[in-house]
$ cat structure_14.csv   # CSV, C-alpha atoms and all ligand atoms
chain,number,residue,atom,x,y,z
A,1,MET,CA,-16.9,13.7,-1.1
A,2,SER,CA,-19.7,13.1,-3.5
A,3,THR,CA,-22.9,15.0,-2.7
A,4,ASN,CA,-25.0,13.3,-5.4
A,5,PRO,CA,-27.8,11.5,-3.5
A,6,ASP,CA,-28.2,9.0,-6.3
A,7,SER,CA,-24.7,7.8,-6.0
A,8,ASN,CA,-24.0,5.6,-3.0
A,9,PRO,CA,-20.7,4.0,-3.9
A,10,THR,CA,-20.7,1.7,-0.8
A,11,ASN,CA,-23.7,-0.2,-2.2
A,12,SER,CA,-22.2,-1.0,-5.6
A,13,THR,CA,-21.3,-4.5,-6.4
A,14,GLY,CA,-18.6,-5.7,-8.7
A,15,PRO,CA,-15.3,-7.6,-8.9
A,16,LEU,CA,-12.6,-7.2,-6.2
A,17,THR,CA,-10.4,-4.4,-7.4
A,18,LEU,CA,-7.1,-3.0,-6.2
A,19,THR,CA,-6.1,0.5,-7.3
A,20,TYR,CA,-2.7,2.2,-6.9
A,21,TYR,CA,-2.3,5.9,-6.1
A,22,GLY,CA,1.5,5.9,-5.7
A,23,HIS,CA,4.0,5.3,-2.9
A,24,SER,CA,2.2,2.9,-0.4
A,25,ALA,CA,-1.4,4.1,-1.1
A,26,PHE,CA,-3.8,1.5,-2.4
A,27,GLN,CA,-7.6,1.3,-2.5
A,28,TRP,CA,-9.4,-2.0,-2.2
A,29,GLN,CA,-13.0,-2.2,-3.5
A,30,THR,CA,-14.6,-5.5,-2.4
A,31,GLU,CA,-17.3,-7.3,-4.3
A,32,ALA,CA,-19.9,-5.8,-2.0
A,33,GLY,CA,-18.5,-2.3,-2.7
A,34,PHE,CA,-16.7,-1.7,0.6
A,35,LYS,CA,-13.7,0.6,0.0
A,36,VAL,CA,-10.5,0.6,2.1
A,37,LEU,CA,-7.6,3.0,1.5
A,38,THR,CA,-4.0,2.5,2.9
A,39,ASP,CA,-1.3,5.1,3.6
A,40,PRO,CA,-2.3,8.4,2.0
A,41,TYR,CA,0.8,10.6,1.7
A,42,ARG,CA,1.7,14.2,2.5
A,43,ASN,CA,4.8,16.3,2.8
A,44,ARG,CA,6.3,17.4,6.1
A,45,SER,CA,7.4,21.0,6.7
A,46,ASP,CA,11.0,19.9,6.4
A,47,ARG,CA,10.5,17.2,3.7
A,48,TYR,CA,9.4,17.8,0.1
A,49,TRP,CA,8.7,14.4,-1.4
A,50,PHE,CA,5.4,14.7,-3.2
A,51,THR,CA,4.8,17.2,-6.0
A,52,ARG,CA,1.0,16.8,-5.7
A,53,GLN,CA,-1.5,16.7,-3.0
A,54,PHE,CA,-2.8,13.2,-2.2
A,55,PRO,CA,-5.9,12.9,-4.6
A,56,ASP,CA,-9.5,12.6,-3.5
A,57,VAL,CA,-10.1,8.9,-3.1
A,58,GLU,CA,-13.4,7.3,-2.0
A,59,CYS,CA,-13.1,5.1,1.0
A,60,ASP,CA,-15.2,3.8,3.9
A,61,LEU,CA,-12.1,3.0,5.9
A,62,GLY,CA,-8.6,4.3,6.0
A,63,LEU,CA,-5.7,2.2,7.3
A,64,ILE,CA,-2.4,3.9,8.4
A,65,THR,CA,0.5,1.7,9.0
A,66,HIS,CA,2.7,4.1,10.9
A,67,ALA,CA,3.1,7.8,11.8
A,68,HIS,CA,5.6,8.9,9.1
A,69,PHE,CA,4.5,11.7,6.7
A,70,ASP,CA,4.7,9.6,3.6
A,71,HIS,CA,2.0,7.3,5.0
A,72,ASP,CA,-0.2,9.2,7.4
A,73,ALA,CA,-2.2,11.9,5.7
A,74,ALA,CA,-5.3,11.2,7.7
A,75,GLU,CA,-6.7,14.6,6.7
A,76,ARG,CA,-7.0,13.4,3.1
A,77,LEU,CA,-9.6,10.8,4.0
A,78,PRO,CA,-13.1,11.6,3.0
A,79,GLU,CA,-15.3,13.2,5.8
A,80,GLY,CA,-17.3,10.0,6.5
A,81,ALA,CA,-14.5,7.5,6.5
A,82,SER,CA,-13.4,5.6,9.5
A,83,LEU,CA,-9.7,5.2,10.4
A,84,ILE,CA,-7.7,2.4,11.9
A,85,ARG,CA,-4.1,2.8,12.9
A,86,ILE,CA,-3.8,0.3,15.7
A,87,PRO,CA,-3.4,-3.5,15.8
A,88,GLY,CA,-6.4,-5.8,16.1
A,89,GLU,CA,-9.2,-7.5,14.2
A,90,PHE,CA,-11.9,-5.7,12.4
A,91,ALA,CA,-14.7,-6.9,10.0
A,92,ASN,CA,-17.2,-5.0,8.0
A,93,ARG,CA,-19.4,-6.4,5.2
A,94,ASP,CA,-17.2,-8.7,3.1
A,95,MET,CA,-13.8,-7.5,4.4
A,96,GLN,CA,-11.8,-8.9,7.4
A,97,ILE,CA,-8.8,-6.9,8.5
A,98,ARG,CA,-6.1,-7.9,10.9
A,99,GLY,CA,-3.5,-5.3,12.0
A,100,VAL,CA,-0.3,-7.0,13.2
A,101,GLN,CA,2.1,-4.9,15.2
A,102,ASP,CA,5.8,-5.1,14.6
A,103,ILE,CA,8.7,-2.7,14.0
A,104,HIS,CA,9.7,-0.3,11.2
A,105,SER,CA,12.7,-1.3,9.1
A,106,GLY,CA,16.1,0.4,9.3
A,107,ARG,CA,17.1,3.2,11.7
A,108,SER,CA,13.6,4.0,12.9
A,109,GLY,CA,13.3,0.3,13.8
A,110,LEU,CA,16.4,0.4,15.9
A,111,GLN,CA,14.7,3.1,17.9
A,112,GLY,CA,11.6,0.8,18.3
A,113,PHE,CA,9.4,2.7,15.9
A,114,VAL,CA,6.1,0.8,15.6
A,115,ASN,CA,4.7,-0.3,12.3
A,116,ILE,CA,1.4,-2.1,11.8
A,117,MET,CA,1.2,-4.6,8.9
A,118,PHE,CA,-2.4,-5.0,7.7
A,119,ARG,CA,-3.8,-8.3,6.5
A,120,LEU,CA,-6.9,-7.8,4.4
A,121,GLU,CA,-9.1,-10.7,3.4
A,122,THR,CA,-12.1,-10.6,1.1
A,123,GLY,CA,-13.5,-12.7,-1.7
A,124,GLY,CA,-11.4,-15.7,-0.6
A,125,ILE,CA,-8.1,-13.7,-1.2
A,126,SER,CA,-5.8,-12.5,1.5
A,127,PHE,CA,-3.5,-9.5,1.1
A,128,LEU,CA,-0.6,-8.3,3.3
A,129,HIS,CA,0.3,-4.6,3.2
A,130,LEU,CA,3.7,-4.4,4.8
A,131,GLY,CA,3.8,-0.7,5.6
A,132,ASP,CA,7.5,0.1,6.2
A,133,ASN,CA,8.0,-3.1,8.3
A,134,ARG,CA,11.3,-4.8,8.8
A,135,ALA,CA,11.7,-8.2,7.1
A,136,ASP,CA,13.1,-10.2,10.0
A,137,TRP,CA,10.1,-10.4,12.3
A,138,PRO,CA,9.7,-12.9,15.1
A,139,GLY,CA,7.7,-16.2,14.9
A,140,ASP,CA,4.6,-14.8,16.7
A,141,VAL,CA,4.3,-12.2,14.0
A,142,THR,CA,4.6,-14.9,11.3
A,143,ARG,CA,1.8,-16.8,13.0
A,144,ALA,CA,-0.4,-13.7,13.4
A,145,ILE,CA,-0.1,-13.0,9.6
A,146,GLY,CA,-0.9,-16.6,8.5
A,147,GLU,CA,-1.1,-17.5,4.9
A,148,ILE,CA,-1.4,-14.8,2.3
A,149,ASP,CA,-2.0,-14.7,-1.5
A,150,VAL,CA,-0.9,-11.1,-2.3
A,151,LEU,CA,2.1,-9.3,-0.8
A,152,LEU,CA,2.5,-5.5,-1.1
A,153,VAL,CA,6.1,-5.0,-0.4
A,154,THR,CA,8.5,-2.0,-0.1
A,155,VAL,CA,11.2,-2.3,-2.7
A,156,ASP,CA,13.4,0.3,-4.5
A,157,ASP,CA,16.9,0.2,-5.9
A,158,SER,CA,18.3,2.5,-3.2
A,159,ASN,CA,17.4,-0.1,-0.6
A,160,HIS,CA,15.8,2.7,1.3
A,161,LEU,CA,13.9,0.2,3.6
A,162,LEU,CA,14.7,-3.4,2.7
A,163,GLN,CA,17.7,-5.0,1.0
A,164,PRO,CA,16.8,-6.9,-2.2
A,165,GLU,CA,17.7,-10.2,-0.5
A,166,GLU,CA,15.3,-9.3,2.4
A,167,VAL,CA,12.5,-8.8,-0.1
A,168,ASP,CA,13.3,-12.2,-1.7
A,169,SER,CA,13.4,-13.8,1.7
A,170,LEU,CA,9.9,-12.4,2.5
A,171,ILE,CA,8.6,-13.8,-0.8
A,172,GLU,CA,10.1,-17.2,0.0
A,173,ARG,CA,8.7,-17.3,3.5
A,174,LEU,CA,5.2,-16.0,2.7
A,175,SER,CA,4.8,-17.7,-0.7
A,176,PRO,CA,2.4,-15.2,-2.1
A,177,LYS,CA,0.9,-15.8,-5.5
A,178,ILE,CA,1.3,-12.2,-6.4
A,179,VAL,CA,3.8,-9.6,-5.3
A,180,VAL,CA,3.1,-5.9,-5.7
A,181,PRO,CA,6.1,-3.5,-5.3
A,182,MET,CA,5.5,-0.2,-3.5
A,183,HIS,CA,7.4,2.7,-1.9
A,184,TYR,CA,9.7,3.5,-4.8
A,185,GLN,CA,10.5,6.6,-6.8
A,186,ILE,CA,7.8,7.7,-9.3
A,187,PRO,CA,9.0,10.4,-11.7
A,188,GLY,CA,6.6,13.3,-11.9
A,189,LEU,CA,4.8,12.4,-8.7
A,190,MET,CA,7.8,12.7,-6.4
A,191,ALA,CA,10.7,15.1,-6.2
A,192,ASP,CA,14.0,14.0,-7.8
A,193,ASP,CA,15.9,14.2,-4.5
A,194,THR,CA,13.8,11.9,-2.2
A,195,GLY,CA,16.7,9.4,-2.3
A,196,LEU,CA,14.3,6.7,-3.5
A,197,GLU,CA,14.9,4.9,-6.8
A,198,PRO,CA,12.6,3.0,-9.1
A,199,PRO,CA,12.6,-0.8,-8.4
A,200,GLU,CA,13.8,-1.8,-11.8
A,201,SER,CA,17.0,-3.6,-10.8
A,202,TRP,CA,15.1,-5.8,-8.4
A,203,ILE,CA,12.3,-6.4,-10.9
A,204,ALA,CA,14.9,-7.6,-13.4
A,205,THR,CA,15.8,-10.4,-11.1
A,206,GLN,CA,12.3,-11.7,-10.9
A,207,PRO,CA,11.3,-14.6,-13.1
A,208,ARG,CA,7.6,-13.7,-13.8
A,209,VAL,CA,6.7,-10.0,-14.1
A,210,LYS,CA,3.4,-8.5,-15.3
A,211,ARG,CA,3.3,-4.8,-16.0
A,212,LEU,CA,-0.3,-3.6,-15.7
A,213,VAL,CA,-1.4,-1.1,-18.3
A,214,GLY,CA,-3.4,0.9,-15.7
A,215,GLU,CA,-3.8,1.7,-12.1
A,216,SER,CA,-6.3,-1.1,-11.2
A,217,ALA,CA,-6.4,-4.9,-11.2
A,218,THR,CA,-9.2,-7.2,-10.5
A,219,PHE,CA,-8.7,-10.4,-8.4
A,220,SER,CA,-10.6,-13.6,-8.1
A,221,ALA,CA,-9.7,-16.6,-5.9
A,222,GLN,CA,-10.1,-19.0,-8.9
A,223,GLU,CA,-7.7,-17.0,-11.1
A,224,LEU,CA,-4.6,-16.6,-8.9
A,225,PRO,CA,-1.4,-17.7,-10.7
A,226,SER,CA,0.1,-21.0,-9.7
A,227,GLN,CA,3.6,-19.6,-9.5
A,228,THR,CA,4.5,-16.3,-7.9
A,229,GLU,CA,4.2,-13.3,-10.2
A,230,VAL,CA,5.3,-9.7,-9.7
A,231,TRP,CA,2.6,-7.2,-10.7
A,232,VAL,CA,3.7,-3.7,-11.3
A,233,PHE,CA,0.9,-1.1,-11.2
A,234,GLN,CA,0.8,2.3,-12.9
A,235,PRO,CA,-0.2,5.0,-10.4
A,236,SER,CA,-3.6,6.5,-11.0
A,237,PRO,CA,-3.8,9.5,-13.3
A,238,ALA,CA,-5.7,11.2,-10.4
A,239,SER,CA,-2.5,11.3,-8.5
A,240,PHE,CA,-0.8,13.3,-11.3
A,241,THR,CA,-3.7,15.8,-11.7
A,242,SER,CA,-4.2,16.5,-8.0
A,243,PRO,CA,-3.3,20.1,-7.1
A,244,ALA,CA,0.4,20.8,-7.2
A,245,LEU,CA,2.4,21.3,-4.0
A,246,GLU,CA,4.9,24.2,-4.0
A,247,ARG,CA,8.4,23.4,-2.9
A,248,PRO,CA,9.1,25.6,0.2
A,249,ASP,CA,11.9,28.1,-0.4
A,250,ASN,CA,14.1,26.6,2.4
A,251,LEU,CA,14.1,23.1,1.0
B,301,ZN,ZN,7.8,5.3,4.2
$ encode --input "structure_14.csv" --output "C-alpha cells"
Amino acid sequence: MSTNPDSNPTNSTGPLTLTYYGHSAFQWQTEAGFKVLTDPYRNRSDRYWFTRQFPDVECDLGLITHAHFDHDAAERLPEGASLIRIPGEFANRDMQIRGVQDIHSGRSGLQGFVNIMFRLETGGISFLHLGDNRADWPGDVTRAIGEIDVLLVTVDDSNHLLQPEEVDSLIERLSPKIVVPMHYQIPGLMADDTGLEPPESWIATQPRVKRLVGESATFSAQELPSQTEVWVFQPSPASFTSPALERPDNL
C-alpha cells in the first residue's frame, strides 16, 4: 500500500479504465477514481499454476467470484480494501455492482459449487465478469444480469471450463459490444502443465478481433463498437515482475 500522504488514488479522476493482470484478474478504475479488482490468484499447496505472486494492485474493493485458488487470493488485496464474495447489490461513488449467484461450470458445477457473476456498471457502461460460471443458466439468472456492454468470458483451447460453442452462445444471448477472453494459459506467468491452453483457436473463429498493445483499455459509452468485437489484453508487466513462486518439490 502507498504510504505517501500526497497520493490519494481514490480521489483521482480520469477515463474509465480496465487493466488485466492475468487469468481472471482485472482492475476497473472509474471516472471518479474508484478501483475494483476481481479474482486475484494464488497457488494451492497441491497445485502449482502461477510462477509469480499476485502483484500489488491498488483497489478500494475486491470481488471474488468463487472459492477456488486461481480466483480467491483475498490476502493479496491491499490492507484498506473491502471485499465482496456474496450475491447482492452494492453501490459506491460512481460504481454499481450486482452479484448474481449461479453455478460453476463442469465437474464442480455438477456438485453444486457456487459461482457469483459480477455485473459492474459505471460511466454508462455495464460489464459482466463471468467467474467460472456455467453457460446454460436459468431464466431468472438471465433477468438478474440484464443487458450488458462488455463480457469477460472464460475461453481456452483446452475447453477447460466452457466449450467454444458455449462461449459463442453466451455472446449471442448477451449481445455484448465487446468480449474480453480470460482464464487461459499465459506463457511465463503460468506453469506449462496447468492443462490450460491459449485461446487462439477460438479467437481465429471470431470476425472482429482487436489485440491491445498493453494491459489497459479505456472505455466510453459513446465509443462502443456497433458490432461485437473481441478485445485481447496483454497482462500487466507487474504480473511478470512480481516475486517468483518456487515450485514445491512434490509437484
Ligand atoms: Zn478458475
$ closest_residue --input "structure_14.csv" --among "A:Gly80, A:Gly106, A:Pro235, A:Pro187" --to "ligand ZN 301 (chain B)" --atoms "all atoms listed in the file"
A:Gly106
$ closest_atom_pairs --input "structure_14.csv" --of "stretch 40-104 of chain A" --to "stretch 188-193 of chain A" --cutoff "6 Å" --atoms "only C-alpha atoms" --output "JSON lines"
{"residue": "A:Trp49", "atom": "CA", "partner": "A:Ala191", "partner_atom": "CA", "distance": 5.2}
{"residue": "A:Phe50", "atom": "CA", "partner": "A:Met190", "partner_atom": "CA", "distance": 4.5}
{"residue": "A:Thr51", "atom": "CA", "partner": "A:Met190", "partner_atom": "CA", "distance": 5.4}
$ residues_near_point --input "structure_14.csv" --point "(10.0, 14.5, 8.8)" --cutoff "12 Å" --atoms "all atoms listed in the file" --output "number ranges by chain"
A: 42-49, 67-72, 108, 194
$ closest_atom_pairs --input "structure_14.csv" --of "chain A" --to "ligand ZN 301 (chain B)" --cutoff "10 Å" --atoms "all atoms listed in the file" --output "Markdown table"
| residue | atom | partner | partner_atom | distance |
| --- | --- | --- | --- | --- |
| A:His23 | CA | B:ZN301 | ZN | 8.1 |
| A:Ser24 | CA | B:ZN301 | ZN | 7.6 |
| A:Asp39 | CA | B:ZN301 | ZN | 9.1 |
| A:Tyr41 | CA | B:ZN301 | ZN | 9.1 |
| A:Thr65 | CA | B:ZN301 | ZN | 9.4 |
| A:His66 | CA | B:ZN301 | ZN | 8.5 |
| A:Ala67 | CA | B:ZN301 | ZN | 9.3 |
| A:His68 | CA | B:ZN301 | ZN | 6.5 |
| A:Phe69 | CA | B:ZN301 | ZN | 7.6 |
| A:Asp70 | CA | B:ZN301 | ZN | 5.3 |
| A:His71 | CA | B:ZN301 | ZN | 6.2 |
| A:Asp72 | CA | B:ZN301 | ZN | 9.5 |
| A:His104 | CA | B:ZN301 | ZN | 9.2 |
| A:Ser105 | CA | B:ZN301 | ZN | 9.6 |
| A:Gly131 | CA | B:ZN301 | ZN | 7.3 |
| A:Asp132 | CA | B:ZN301 | ZN | 5.6 |
| A:Asn133 | CA | B:ZN301 | ZN | 9.3 |
| A:Thr154 | CA | B:ZN301 | ZN | 8.5 |
| A:His160 | CA | B:ZN301 | ZN | 8.9 |
| A:Leu161 | CA | B:ZN301 | ZN | 8.0 |
| A:Met182 | CA | B:ZN301 | ZN | 9.7 |
| A:His183 | CA | B:ZN301 | ZN | 6.6 |
| A:Tyr184 | CA | B:ZN301 | ZN | 9.4 |
$ atom_distance --input "structure_14.csv" --atom1 "atom CA of A:Ile103" --atom2 "atom CA of A:Ala135"
9.3 Å
$ residues_around --input "structure_14.csv" --residues "A:Ile178" --least-positions-apart "4" --cutoff "12 Å" --atoms "all atoms listed in the file" --output "PyMOL selection string"
chain A and resi 125-128+148-153+171-172+174+206+208-210+217+219+221+223-232
$ atom_distance --input "structure_14.csv" --atom1 "atom CA of A:Gln96" --atom2 "atom CA of A:Thr17"
15.5 Å
$ closest_residue --input "structure_14.csv" --among "A:Leu162, A:Ala238, A:Tyr20, A:Pro243" --to "A:Val213" --atoms "all atoms listed in the file"
A:Tyr20
